[in-house]
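Asker: Dumping the structure here so I can ask a few things about it.
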Amino acid sequence: MTVRIATWNINSVNARLEKLLEWLRSAQPDVLCLQELKSTTDAFPFEAVRELGYETAAHGTGRWNGVAILSKIGLADVVRDLPGQPGYLDPATADEGTLLPAEPEIEPRAVAATCGPVRVWSVYVPNGREVGHAHYAYKLDWLSTLRDAVVADAAGERPFAVLGDFNIAPTDTDVWDVAKFEGATHVTEAERAALADLQAAGLADVFPRPLKYDHPYTYWDYRQLSFPKNYGIRIDLVYGNKPFTEAVSDSYVDREARKGKGTSDHAPVVVDLAL
DNA sequence: ATGCCTCAAACGTTGAGA
């Protein structure tokens, strides 16, 4: 059988609903991993995607974050959150003192499911904000927990992949101008070491082909004509185990979905498998 | 034209995104 799996940081599933439905109709993925729902689980448009044949495992709490898996080929063994997933404690909140115990918040950034012959995680890795920020330490901790969460499936016989917005450019070629990222997150050695740890666990970067230009960027800032100028970065990634990568027949970034008004700032990454 | 940022919560402004 052939299976088409995609990942897309949708930047609000409800603000983007018509774009999402349009893309599902045209690209016809069997499985779609979404990130940045910006929606509670209850407010997810389950019925609209069901009409196109998709079951959904959604995990969201509202304002930020939020992940989902849509599937037309089965949706079993759903897991929300990584085992042992670290939470984030905003330093400003923590400094407010003693009235309430400030607890780290476990954010909805990961959901897993088995879709037919494939098991997938849809992940939205923390941004990090600035090197040295508490959010950056949280990002590295989160990535370490991700590695631990997937090591068994990575070594397994079943096709398995982690798909999502990793907020890391794997190499300097994955940013349009490396000088712009001097001292910034997304390109540091520590973040790339986390990707190397995933590779050591048996997962490989499924490198997509671009539909235009010479490099498959997946994100372009809304500002300053970034998309028309192709000032992009590749941070939406697919890490598959050997049974997964050996089945890949094609992979591409659908930059067409980034064109026009009312789009996400990310483009979908599509992977076709011959299983 | 692919075109100069957008979203949600709260209802003017702020925080986040990367």
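By order in the structure tokens, chains are A, B, ...; within a chain, residues start at 1; ligands start at 1, following the order shown.
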Restrict the distance test to only C-alpha atoms (C1' of nucleotides), flag each residue of chain B within 10 Å of chain A, and return the flagged residues as a PyMOL selection string.
Answerer: chain B and resi 1-9+16-18
Asker: Can you pull out every residue within 10 Å of Leu17 (chain A), counting only C-alpha atoms (C1' of nucleotides), but drop anything in the same chain fewer than 3 positions away, and send it as an NGL selection string?
Answerer: :A and (10 or 12-14 or 20-23 or 44-45 or 48-49)
Asker: Can you write just those residues out, N, CA and C atoms, as a tab-separated table (two decimals), in the first residue's frame?
Answerer:
chain	number	residue	atom	x	y	z
A	10	ILE	N	0.21	24.73	11.54
A	10	ILE	CA	-0.95	25.38	10.93
A	10	ILE	C	-1.16	26.81	11.43
A	12	SER	N	-2.81	28.16	14.17
A	12	SER	CA	-4.24	28.30	14.49
A	12	SER	C	-5.12	27.48	13.54
A	13	VAL	N	-5.61	26.38	14.05
A	13	VAL	CA	-6.41	25.48	13.21
A	13	VAL	C	-7.76	26.10	12.88
A	14	ASN	N	-8.29	26.94	13.76
A	14	ASN	CA	-9.60	27.53	13.48
A	14	ASN	C	-9.50	28.74	12.56
A	20	LEU	N	-7.02	24.63	5.64
A	20	LEU	CA	-6.74	23.24	5.99
A	20	LEU	C	-7.60	22.30	5.16
A	21	LEU	N	-8.90	22.60	5.07
A	21	LEU	CA	-9.79	21.71	4.31
A	21	LEU	C	-9.42	21.69	2.83
A	22	GLU	N	-9.09	22.87	2.32
A	22	GLU	CA	-8.67	22.96	0.92
A	22	GLU	C	-7.42	22.11	0.67
A	23	TRP	N	-6.49	22.17	1.63
A	23	TRP	CA	-5.25	21.42	1.43
A	23	TRP	C	-5.49	19.92	1.57
A	44	PHE	N	-11.52	22.05	18.62
A	44	PHE	CA	-10.97	21.55	17.35
A	44	PHE	C	-12.11	21.23	16.38
A	45	PRO	N	-11.95	21.53	15.10
A	45	PRO	CA	-13.04	21.30	14.12
A	45	PRO	C	-13.13	19.84	13.69
A	48	ALA	N	-15.67	18.99	10.74
A	48	ALA	CA	-15.29	19.44	9.39
A	48	ALA	C	-14.27	18.49	8.75
A	49	VAL	N	-13.33	17.98	9.54
A	49	VAL	CA	-12.35	17.06	8.95
A	49	VAL	C	-12.92	15.65	8.83
Asker: Separation of CA of Arg119 (chain A) and CA of Tyr88 (chain A), in Å?
Answerer: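 Atom-to-atom, CA of Arg119 (chain A) and CA of Tyr88 (chain A) are spaced 27.0 Å apart.
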Asker: From a backbone DSSP assignment, name each residue in region 73-180 of chain A labelled strand (DSSP E), as a list in words.
Answerer: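 The residues of region 73-180 of chain A classed as strand (DSSP E) are Ala76, Asp77, Val78, Val79, Arg80, Ala110, Val111, Ala112, Ala113, Thr114, Cys115, Val118, Arg119, Val120, Trp121, Ser122, Val123, Tyr124, Phe160, Ala161, Val162, Leu163, Gly164 and Asp165 of chain A.
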Asker: Using the selection just defined, write its residues with C-alpha atoms as a PDB file, in the first residue's frame.
Answerer:
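Once everything was written out, this is out-v5.pdb:
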ATOM      1  CA  ALA A  76      -5.097   3.703  17.629  1.00  0.00           C
ATOM      2  CA  ASP A  77      -3.062   3.744  20.822  1.00  0.00           C
ATOM      3  CA  VAL A  78      -3.185   7.520  21.167  1.00  0.00           C
ATOM      4  CA  VAL A  79      -0.749   8.995  23.682  1.00  0.00           C
ATOM      5  CA  ARG A  80      -0.889  12.628  24.761  1.00  0.00           C
ATOM      6  CA  ALA A 110       3.206  16.002  21.632  1.00  0.00           C
ATOM      7  CA  VAL A 111       0.675  13.394  20.586  1.00  0.00           C
ATOM      8  CA  ALA A 112       1.263   9.902  19.207  1.00  0.00           C
ATOM      9  CA  ALA A 113      -0.917   7.436  17.352  1.00  0.00           C
ATOM     10  CA  THR A 114      -0.741   4.316  15.267  1.00  0.00           C
ATOM     11  CA  CYS A 115      -2.211   4.909  11.817  1.00  0.00           C
ATOM     12  CA  VAL A 118       2.810   3.360  10.825  1.00  0.00           C
ATOM     13  CA  ARG A 119       3.283   4.854  14.268  1.00  0.00           C
ATOM     14  CA  VAL A 120       3.871   8.607  14.462  1.00  0.00           C
ATOM     15  CA  TRP A 121       4.490  11.378  16.960  1.00  0.00           C
ATOM     16  CA  SER A 122       3.345  14.899  16.109  1.00  0.00           C
ATOM     17  CA  VAL A 123       5.595  17.273  18.039  1.00  0.00           C
ATOM     18  CA  TYR A 124       5.906  20.994  18.559  1.00  0.00           C
ATOM     19  CA  PHE A 160       7.904   4.881  12.848  1.00  0.00           C
ATOM     20  CA  ALA A 161       8.520   8.607  12.569  1.00  0.00           C
ATOM     21  CA  VAL A 162       8.578  11.772  14.612  1.00  0.00           C
ATOM     22  CA  LEU A 163       7.137  14.615  12.560  1.00  0.00           C
ATOM     23  CA  GLY A 164       6.716  18.230  13.467  1.00  0.00           C
ATOM     24  CA  ASP A 165       8.071  21.667  14.087  1.00  0.00           C
TER      25      ASP A 165
END
Asker: List the spatial neighbours of Leu195 (chain A) as a PyMOL selection string - criterion: any atom at most 10 Å away, only C-alpha atoms (C1' of nucleotides), same-chain residues fewer than 5 positions off excluded.
Answerer: chain A and resi 143-144+147+166+168-170+189-190+200-201+203-205+239
Asker: What does the distance from CA of Thr41 (chain A) to CA of His59 (chain A) come to in Å, to one decimal?
Answerer: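 Value for the CA of Thr41 (chain A)-CA of His59 (chain A) distance: 5.3 Å.
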Asker: Mind giving me the straight-line distance from CA of His266 (chain A) to CA of Leu34 (chain A) in Å, one decimal?
Answerer: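 Separation of CA of His266 (chain A) and CA of Leu34 (chain A): 11.0 Å.
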Asker: As a list in words, please: every residue in region 138-186 of chain A that a backbone DSSP assignment puts in alpha helix (DSSP H).
Answerer: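 Answer for region 138-186 of chain A restricted to alpha helix (DSSP H) is Tyr138, Lys139, Leu140, Asp141, Trp142, Leu143, Ser144, Thr145, Leu146, Arg147, Asp148, Ala149, Val150, Val151, Ala152, Asp153 and Ala154 of chain A.
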